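Down below is the structure, laid out as structure tokens.
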Amino acid sequence: MPDAPPAPSPEPSAPGTDLAAAATAVDQAAARVRDTLARAADTATGEAADILAVTAAMAADPSLADEARRRVVENRSTPARAVWDAAELVAEQLRALGGMFADRARDVQDVRDRIIAELLGLRAPGVPDPGAPFVLVARDLAPADTARLDPAHVLAIVTAGGGPTAHTAILARSLGIPCVVAVAGALDIADGETVLVDGSTGDVVRHPSPESVERAAHARPRPTRLERPGRTADGHLVALLANVGDPAGAVAAAETGAEGIGLFRTEFGFLGRTTPPSVAEQVAAYAQVFDAFPGRRVVIRTLDAGADKPLPFVTAAGEPNPALGVRGLRTSWAHPAVLDDQLAAIAQAAASSSADVWVMAPMVATADEADAFVDRCAAHGLPHAGIMVEVPAAALRAADLLDRARFASLGTNDLTQYAMAADRELAGLAQLSTPWQPAVLSLVQLACAGGQAKARPVGVCGEAAADPALAPVLVGLGVTSLSMTARALPDVGAVLAAVTLDECRALATLALAQRTADEARSVVRASLGDVLEELGL
């Protein structure tokens, strides 16, 4: 990745400069950046489209442009320097808020660099185009850059920053691009150097032997479609579902052979707006997703606003720690109409579809919250109401929460973050931010035990479900369904088909007995050695 533009000179504009025209240039550059990102969002799908839309909105943020114009006119700053200083002011305000808001500071800097490059006539910072397929090495990747990667040209990603459950890794998985993050020494890799990247093991090998390169080049092609329902070698059924973020993603998941949808993120209809979408708008969008899976399960998650997805009509600015603040179901405490409208829309769309619609709420922590959500769903004629288990408290007391809730789905990204007190976006904490942590596996086991006590299914819809080596461990812990990016379904299905339920339980016991995440992962992969090697995993 090319370096971002350096800090422009603080020297003021030359005497005689038309300051009004210079201020207008800031507006025009920001608009061009916004339009470029918006066009990219229009051609993307799922989470990629969401992230690009948010970044485009950030480029059009009046607080950034207004502050830059003020500096041009009042301080005689050059347009590039005015944008630099204005962006730093906004980023500093976000960092002061802490938590997920602090993470947005990186996105502000990304927008800043794009606007400055536009003003100076430079190539926009971002993904290079050397004219041939390549491995992309970067300090870190902004979500907007990751979302626009073309798997036909970017063979793999290696970053010095980020974490295994950060946006870069999640988007790379959804695109089917091998990705290894938080790699020490990544920035020492030179242009033109040959590297061998294994996204399954997390290995990055510099100057690999010709034999290693040959083996990689002739590895057996991976399947691209799930050809049969998920089950173990001895016939134990494990539903293999897809995570989707919009109607186009649902259609693509159906084409990949997904048995249903285990996580339908509804944020796509709310992001980038100052008011929530109407019931009619939501009905139209949800119906398209339901229609992609007639007669099959579709689990729709109600609005997961807050933290890294602030929305002005349900979240408040200035929370000292947004990750632990008003997010998910908690936003309905002060804004019940938003949730009621969404449930009404889901009910209307479900009534005109043959899909088996389940509804779940994010960030549920107590039995009272679970019960209240079940009652709200029932009032709208939605009987199959469940909960996300993302908070350790919910895993520890799952039986209480599932007394009336009909099912649970483990969001392992946030469950890991909260269990380990480790921000999933921070490279320095990457070793903590993995669902292979024995403590996290113990929470999964407890949640499954709570579900079994109430005869309720417990699935996984976090990134952990997409790890072919971890999937049999999760099944052995008691998980009944696995939902993931559609690209991961064939690999996970193939591994499960090669092991029995008893072998899954033995792997789970083995993983839980380890002291560290690395030990758990290594011992399970070693036990699955023949299976993983045969499948090229």
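Chains: A, B, ... in order of the structure tokens. Residues: from 1 per chain. Ligands: from 1, in order shown.
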From segment 144-345 of chain A, collect each residue whose DSSP state is helix (DSSP H, G or I) and return the set as number ranges by chain. A: 144-147, 167-175, 186-188, 210-217, 247-255, 267-269, 279-291, 322-324, 328-334, 336-345
Which polymer residues have any atom within 8 Å of an atom of segment 344-351 of chain A, counting only C-alpha atoms, with same-chain residues fewer than 4 positions away left out, as a list of chain:residue names?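 Counting only the stated atoms, we get A:Val279, A:Ala280, A:Gln282, A:Val283, A:Ala284, A:Tyr286, A:Ala287, A:Phe290, A:Asp340, A:Ala355, A:Val357, A:His380, A:Gly381, A:Leu382.
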Find the spatial neighbours of Ala248 of chain A, counting only C-alpha atoms, within a cut-off of 10 Å - ignore same-chain residues fewer than 2 positions away - and output them as a ChimeraX atom specification. /A:44-46,244-246,250-253,288-289,292
Writer output for current selection, all heavy atoms, as a PDB file, in the first residue's frame:
```pdb
ATOM      1  N   ALA A  44     -21.385  -2.566  -4.207  1.00  0.00           N
ATOM      2  CA  ALA A  44     -21.011  -3.578  -3.213  1.00  0.00           C
ATOM      3  C   ALA A  44     -22.275  -4.156  -2.591  1.00  0.00           C
ATOM      4  O   ALA A  44     -23.388  -3.688  -2.826  1.00  0.00           O
ATOM      5  CB  ALA A  44     -20.114  -2.952  -2.141  1.00  0.00           C
ATOM      6  N   THR A  45     -22.087  -5.211  -1.799  1.00  0.00           N
ATOM      7  CA  THR A  45     -23.223  -5.821  -1.108  1.00  0.00           C
ATOM      8  C   THR A  45     -22.861  -6.073   0.347  1.00  0.00           C
ATOM      9  O   THR A  45     -21.689  -6.030   0.726  1.00  0.00           O
ATOM     10  CB  THR A  45     -23.623  -7.162  -1.754  1.00  0.00           C
ATOM     11  OG1 THR A  45     -22.521  -8.084  -1.668  1.00  0.00           O
ATOM     12  CG2 THR A  45     -24.008  -6.983  -3.207  1.00  0.00           C
ATOM     13  N   GLY A  46     -23.883  -6.337   1.153  1.00  0.00           N
ATOM     14  CA  GLY A  46     -23.677  -6.757   2.534  1.00  0.00           C
ATOM     15  C   GLY A  46     -22.933  -5.725   3.350  1.00  0.00           C
ATOM     16  O   GLY A  46     -23.115  -4.506   3.205  1.00  0.00           O
ATOM     17  N   VAL A 244     -25.984 -12.644   6.291  1.00  0.00           N
ATOM     18  CA  VAL A 244     -26.187 -11.726   5.169  1.00  0.00           C
ATOM     19  C   VAL A 244     -26.547 -10.343   5.704  1.00  0.00           C
ATOM     20  O   VAL A 244     -27.023 -10.200   6.831  1.00  0.00           O
ATOM     21  CB  VAL A 244     -27.289 -12.213   4.198  1.00  0.00           C
ATOM     22  CG1 VAL A 244     -26.977 -13.610   3.684  1.00  0.00           C
ATOM     23  CG2 VAL A 244     -28.653 -12.185   4.848  1.00  0.00           C
ATOM     24  N   GLY A 245     -26.322  -9.337   4.861  1.00  0.00           N
ATOM     25  CA  GLY A 245     -26.577  -7.973   5.287  1.00  0.00           C
ATOM     26  C   GLY A 245     -27.526  -7.205   4.401  1.00  0.00           C
ATOM     27  O   GLY A 245     -27.827  -6.049   4.675  1.00  0.00           O
ATOM     28  N   ASP A 246     -28.026  -7.836   3.318  1.00  0.00           N
ATOM     29  CA  ASP A 246     -28.963  -7.154   2.428  1.00  0.00           C
ATOM     30  C   ASP A 246     -29.563  -8.170   1.473  1.00  0.00           C
ATOM     31  O   ASP A 246     -29.153  -9.329   1.444  1.00  0.00           O
ATOM     32  CB  ASP A 246     -28.274  -6.008   1.672  1.00  0.00           C
ATOM     33  CG  ASP A 246     -27.105  -6.473   0.814  1.00  0.00           C
ATOM     34  OD1 ASP A 246     -26.971  -7.696   0.581  1.00  0.00           O
ATOM     35  OD2 ASP A 246     -26.322  -5.624   0.371  1.00  0.00           O
ATOM     36  N   ALA A 250     -28.484 -12.183   0.359  1.00  0.00           N
ATOM     37  CA  ALA A 250     -29.341 -13.347   0.555  1.00  0.00           C
ATOM     38  C   ALA A 250     -29.423 -14.180  -0.709  1.00  0.00           C
ATOM     39  O   ALA A 250     -29.369 -15.419  -0.671  1.00  0.00           O
ATOM     40  CB  ALA A 250     -30.733 -12.896   0.997  1.00  0.00           C
ATOM     41  N   VAL A 251     -29.538 -13.534  -1.848  1.00  0.00           N
ATOM     42  CA  VAL A 251     -29.596 -14.257  -3.123  1.00  0.00           C
ATOM     43  C   VAL A 251     -28.289 -15.012  -3.356  1.00  0.00           C
ATOM     44  O   VAL A 251     -28.286 -16.185  -3.754  1.00  0.00           O
ATOM     45  CB  VAL A 251     -29.871 -13.283  -4.280  1.00  0.00           C
ATOM     46  CG1 VAL A 251     -29.724 -13.991  -5.626  1.00  0.00           C
ATOM     47  CG2 VAL A 251     -31.265 -12.682  -4.145  1.00  0.00           C
ATOM     48  N   ALA A 252     -27.151 -14.349  -3.075  1.00  0.00           N
ATOM     49  CA  ALA A 252     -25.858 -14.994  -3.255  1.00  0.00           C
ATOM     50  C   ALA A 252     -25.709 -16.185  -2.315  1.00  0.00           C
ATOM     51  O   ALA A 252     -25.167 -17.227  -2.691  1.00  0.00           O
ATOM     52  CB  ALA A 252     -24.735 -13.983  -3.015  1.00  0.00           C
ATOM     53  N   ALA A 253     -26.204 -16.059  -1.077  1.00  0.00           N
ATOM     54  CA  ALA A 253     -26.113 -17.152  -0.118  1.00  0.00           C
ATOM     55  C   ALA A 253     -26.943 -18.351  -0.578  1.00  0.00           C
ATOM     56  O   ALA A 253     -26.522 -19.507  -0.448  1.00  0.00           O
ATOM     57  CB  ALA A 253     -26.574 -16.686   1.257  1.00  0.00           C
ATOM     58  N   GLN A 288     -37.738  -9.305   0.317  1.00  0.00           N
ATOM     59  CA  GLN A 288     -36.799  -9.806  -0.674  1.00  0.00           C
ATOM     60  C   GLN A 288     -35.879 -10.873  -0.077  1.00  0.00           C
ATOM     61  O   GLN A 288     -35.568 -11.875  -0.731  1.00  0.00           O
ATOM     62  CB  GLN A 288     -35.943  -8.655  -1.220  1.00  0.00           C
ATOM     63  CG  GLN A 288     -36.707  -7.633  -2.031  1.00  0.00           C
ATOM     64  CD  GLN A 288     -35.791  -6.530  -2.522  1.00  0.00           C
ATOM     65  OE1 GLN A 288     -34.849  -6.768  -3.293  1.00  0.00           O
ATOM     66  NE2 GLN A 288     -36.029  -5.306  -2.064  1.00  0.00           N
ATOM     67  N   VAL A 289     -35.458 -10.653   1.154  1.00  0.00           N
ATOM     68  CA  VAL A 289     -34.591 -11.631   1.817  1.00  0.00           C
ATOM     69  C   VAL A 289     -35.364 -12.910   2.125  1.00  0.00           C
ATOM     70  O   VAL A 289     -34.896 -14.025   1.868  1.00  0.00           O
ATOM     71  CB  VAL A 289     -33.983 -11.031   3.101  1.00  0.00           C
ATOM     72  CG1 VAL A 289     -33.182 -12.081   3.860  1.00  0.00           C
ATOM     73  CG2 VAL A 289     -33.087  -9.842   2.752  1.00  0.00           C
ATOM     74  N   ALA A 292     -35.873 -15.225  -0.795  1.00  0.00           N
ATOM     75  CA  ALA A 292     -34.708 -15.971  -1.287  1.00  0.00           C
ATOM     76  C   ALA A 292     -34.610 -17.344  -0.637  1.00  0.00           C
ATOM     77  O   ALA A 292     -33.890 -18.220  -1.134  1.00  0.00           O
ATOM     78  CB  ALA A 292     -33.427 -15.171  -1.032  1.00  0.00           C
TER      79      ALA A 292
END
```
Per residue of segment 395-418 of chain A within 9 Å of segment 439-453 of chain A, which atom pair is closest and at what distance in Å (one decimal), using only C-alpha atoms, listed by chain and increasing number, as JSON lines?
```
{"residue": "A:Ala395", "atom": "CA", "partner": "A:Ala447", "partner_atom": "CA", "distance": 4.5}
{"residue": "A:Leu396", "atom": "CA", "partner": "A:Leu446", "partner_atom": "CA", "distance": 6.1}
{"residue": "A:Arg397", "atom": "CA", "partner": "A:Gly450", "partner_atom": "CA", "distance": 7.1}
{"residue": "A:Ala398", "atom": "CA", "partner": "A:Gly450", "partner_atom": "CA", "distance": 4.8}
{"residue": "A:Ala399", "atom": "CA", "partner": "A:Gly450", "partner_atom": "CA", "distance": 4.0}
{"residue": "A:Asp400", "atom": "CA", "partner": "A:Gly450", "partner_atom": "CA", "distance": 7.7}
{"residue": "A:Leu401", "atom": "CA", "partner": "A:Gly450", "partner_atom": "CA", "distance": 8.6}
{"residue": "A:Leu402", "atom": "CA", "partner": "A:Gly451", "partner_atom": "CA", "distance": 6.6}
{"residue": "A:Asp403", "atom": "CA", "partner": "A:Gly451", "partner_atom": "CA", "distance": 9.0}
{"residue": "A:Phe407", "atom": "CA", "partner": "A:Gly451", "partner_atom": "CA", "distance": 7.6}
{"residue": "A:Ala408", "atom": "CA", "partner": "A:Gly451", "partner_atom": "CA", "distance": 7.6}
{"residue": "A:Leu410", "atom": "CA", "partner": "A:Val444", "partner_atom": "CA", "distance": 7.6}
{"residue": "A:Thr412", "atom": "CA", "partner": "A:Val440", "partner_atom": "CA", "distance": 8.3}
{"residue": "A:Leu415", "atom": "CA", "partner": "A:Val440", "partner_atom": "CA", "distance": 7.4}
{"residue": "A:Thr416", "atom": "CA", "partner": "A:Val440", "partner_atom": "CA", "distance": 6.1}
```
Output N, CA, C and O atoms for every residue in that selection, as a short mmCIF file (atom, residue, chain, number, x, y, z; two decimals), in the first residue's frame.
```cif
data_model
loop_
_atom_site.label_atom_id
_atom_site.label_comp_id
_atom_site.auth_asym_id
_atom_site.auth_seq_id
_atom_site.Cartn_x
_atom_site.Cartn_y
_atom_site.Cartn_z
N ALA A 395 -24.33 -15.76 28.70
CA ALA A 395 -23.84 -17.14 28.59
C ALA A 395 -23.91 -17.84 29.94
O ALA A 395 -24.30 -19.01 30.04
N LEU A 396 -23.54 -17.13 30.99
CA LEU A 396 -23.51 -17.74 32.32
C LEU A 396 -24.91 -18.11 32.81
O LEU A 396 -25.07 -19.10 33.54
N ARG A 397 -25.91 -17.33 32.41
CA ARG A 397 -27.28 -17.57 32.87
C ARG A 397 -28.20 -17.88 31.69
O ARG A 397 -29.37 -17.49 31.67
N ALA A 398 -27.70 -18.61 30.72
CA ALA A 398 -28.46 -18.86 29.50
C ALA A 398 -29.79 -19.56 29.78
O ALA A 398 -30.80 -19.26 29.13
N ALA A 399 -29.81 -20.47 30.73
CA ALA A 399 -31.07 -21.17 31.02
C ALA A 399 -32.16 -20.20 31.46
O ALA A 399 -33.33 -20.36 31.08
N ASP A 400 -31.78 -19.19 32.23
CA ASP A 400 -32.77 -18.19 32.66
C ASP A 400 -33.28 -17.39 31.47
O ASP A 400 -34.49 -17.14 31.34
N LEU A 401 -32.38 -16.98 30.61
CA LEU A 401 -32.77 -16.17 29.46
C LEU A 401 -33.59 -16.98 28.46
O LEU A 401 -34.42 -16.43 27.72
N LEU A 402 -33.35 -18.29 28.43
CA LEU A 402 -34.05 -19.15 27.49
C LEU A 402 -35.29 -19.80 28.10
O LEU A 402 -35.86 -20.72 27.52
N ASP A 403 -35.69 -19.33 29.25
CA ASP A 403 -36.91 -19.85 29.86
C ASP A 403 -38.11 -19.58 28.94
O ASP A 403 -38.98 -20.44 28.75
N PHE A 407 -34.82 -19.49 21.27
CA PHE A 407 -33.52 -19.93 20.78
C PHE A 407 -32.48 -18.87 21.15
O PHE A 407 -32.82 -17.75 21.55
N ALA A 408 -31.22 -19.25 21.01
CA ALA A 408 -30.11 -18.31 21.22
C ALA A 408 -29.11 -18.46 20.10
O ALA A 408 -28.95 -19.54 19.51
N LEU A 410 -25.05 -17.35 19.40
CA LEU A 410 -23.83 -16.81 20.00
C LEU A 410 -23.11 -15.90 19.02
O LEU A 410 -22.67 -16.32 17.95
N THR A 412 -19.93 -14.60 18.60
CA THR A 412 -18.62 -14.86 19.21
C THR A 412 -17.65 -13.69 19.10
O THR A 412 -16.70 -13.61 19.88
N LEU A 415 -18.71 -11.60 22.12
CA LEU A 415 -18.53 -12.43 23.31
C LEU A 415 -17.06 -12.54 23.67
O LEU A 415 -16.68 -12.44 24.85
N THR A 416 -16.21 -12.71 22.65
CA THR A 416 -14.76 -12.77 22.89
C THR A 416 -14.24 -11.43 23.39
O THR A 416 -13.46 -11.35 24.34
#
```
Closest atom pairs, residues of segment 387-505 of chain A within 12 Å of segment 102-114 of chain A, only C-alpha atoms, as a Markdown table:
```
| residue | atom | partner | partner_atom | distance |
| --- | --- | --- | --- | --- |
| A:Asp423 | CA | A:Asp103 | CA | 9.6 |
| A:Arg424 | CA | A:Asp103 | CA | 10.3 |
| A:Glu425 | CA | A:Asp103 | CA | 7.5 |
| A:Leu426 | CA | A:Asp103 | CA | 9.1 |
```
For Gly131 of chain A, please output as a list in words all residues within 12 Å (counting only C-alpha atoms; exclusion window: fewer than 6 positions along the same chain).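 With the cut-off at 12 Å, the set is Ala152, His153 and Val154 of chain A.
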For Val135 of chain A, work out the shell of residues within 10 Å, counting only C-alpha atoms and skipping chain neighbours fewer than 3 positions away, then give it as a PyMOL selection string. chain A and resi 138+153-158+177-179+191-197
The selected residues should be written to file as a compact mmCIF listing (two decimals), in the first residue's frame (atoms: C-alpha atoms).
```
# COMPACT_ATOMS: atom_id res chain seq x y z
CA ALA A 138 -0.31 -2.85 4.50
CA HIS A 153 -6.45 -9.43 -8.27
CA VAL A 154 -5.75 -9.48 -4.53
CA LEU A 155 -4.62 -13.03 -3.76
CA ALA A 156 -4.08 -12.47 -0.03
CA ILE A 157 -3.78 -9.73 2.59
CA VAL A 158 -1.07 -9.25 5.20
CA ILE A 177 -9.42 -13.57 0.38
CA PRO A 178 -6.86 -15.25 2.70
CA CYS A 179 -5.94 -12.70 5.35
CA ASP A 191 7.67 -4.77 -3.30
CA GLY A 192 8.28 -7.66 -5.69
CA GLU A 193 9.17 -10.13 -2.95
CA THR A 194 7.53 -13.57 -3.05
CA VAL A 195 5.55 -14.52 0.02
CA LEU A 196 3.41 -17.55 0.79
CA VAL A 197 0.27 -16.70 2.79
```
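Interatomic distance, atom CA of Asp203 of chain A to atom CA of Asp518 of chain A: 13.3 Å.
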Can I get the residues of segment 185-240 of chain A within 12 Å of segment 458-471 of chain A, each with the closest pair of atoms and their distance in Å to one decimal, using only C-alpha atoms, sorted chain first then ascending number, as CSV?
```
residue,atom,partner,partner_atom,distance
A:Gly199,CA,A:Asp467,CA,10.4
A:Ser200,CA,A:Asp467,CA,8.1
A:Thr201,CA,A:Ala469,CA,10.0
A:Gly202,CA,A:Asp467,CA,12.0
A:Gly230,CA,A:Ala471,CA,11.3
A:Arg231,CA,A:Ala471,CA,11.6
A:Thr232,CA,A:Ala471,CA,10.9
A:Val238,CA,A:Gly459,CA,9.3
A:Ala239,CA,A:Gly459,CA,8.9
A:Leu240,CA,A:Ala465,CA,9.3
```
Any chance you could list, as a ChimeraX atom specification, the residues in segment 114-190 of chain A that come up strand (DSSP E or B) when DSSP is run on the backbone? /A:134-138,154-159,179-180
Atomic distance atom CA of Arg220 of chain A - atom CA of Ala169 of chain A, expressed in Å with one decimal: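 Interatomic distance, atom CA of Arg220 of chain A to atom CA of Ala169 of chain A: 23.8 Å.
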One-decimal distance in Å that lies between atom CA of Pro362 of chain A and atom CA of Arg404 of chain A: 16.1 Å
Would you list the contacts of segment 429-431 of chain A as a VMD selection string, taking every protein, DNA or RNA residue within 7 Å and counting only C-alpha atoms, but skipping same-chain residues closer than 5 positions in sequence? chain A and resid 163 to 164 182 422
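The protein and nucleic acid residues lying at most 12 Å from Asp530 of chain A are Ala469, Val495, Ala498, Val499, Val524, Arg525, Ala526, Glu534, Leu535, Gly536 and Leu537 of chain A, with only C-alpha atoms considered and sequence neighbours fewer than 4 positions away removed.
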If you take only C-alpha atoms and a cut-off of 10 Å, which residues of segment 405-468 of chain A touch segment 305-326 of chain A, and what are their nearest atom pairs and distances in Å to one decimal, in chain and number order, as a tab-separated table?
```
residue	atom	partner	partner_atom	distance
A:Asp414	CA	A:Ala323	CA	9.4
A:Gln417	CA	A:Ala323	CA	9.8
A:Tyr418	CA	A:Leu324	CA	9.1
A:Asp423	CA	A:Ala323	CA	9.2
```
Residues just named, written with C-alpha atoms as an mmCIF file, in the first residue's frame:
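Below is the file that was written, selection_36.cif:
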```cif
data_model
loop_
_atom_site.group_PDB
_atom_site.id
_atom_site.type_symbol
_atom_site.label_atom_id
_atom_site.label_comp_id
_atom_site.auth_asym_id
_atom_site.auth_seq_id
_atom_site.Cartn_x
_atom_site.Cartn_y
_atom_site.Cartn_z
ATOM 1 C CA ASP A 414 -18.436 -9.534 20.849
ATOM 2 C CA GLN A 417 -14.236 -9.010 23.136
ATOM 3 C CA TYR A 418 -16.185 -8.732 26.368
ATOM 4 C CA ASP A 423 -10.882 -4.354 21.752
#
```
If you count only C-alpha atoms, the residue of A:Thr366, A:Ser527, A:Ser409, A:Ser522 closest to Ala506 of chain A turns out to be A:Ser527
Could you tell me which of A:Thr516, A:Thr36, A:Thr485, A:Thr224 comes closest to Trp436 of chain A if we count only C-alpha atoms?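 Among the listed residues, A:Thr516 lies closest to Trp436 of chain A.
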Nearest candidate to Leu271 of chain A (options A:Leu303, A:Gly529, A:Ala511, A:Pro210; using only C-alpha atoms):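 The answer is A:Leu303, which sits nearest to Leu271 of chain A.
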Between A:Gly272, A:Val72, A:Ser63, A:Ala117, which is the closest to Leu89 of chain A once you count only C-alpha atoms? A:Ser63
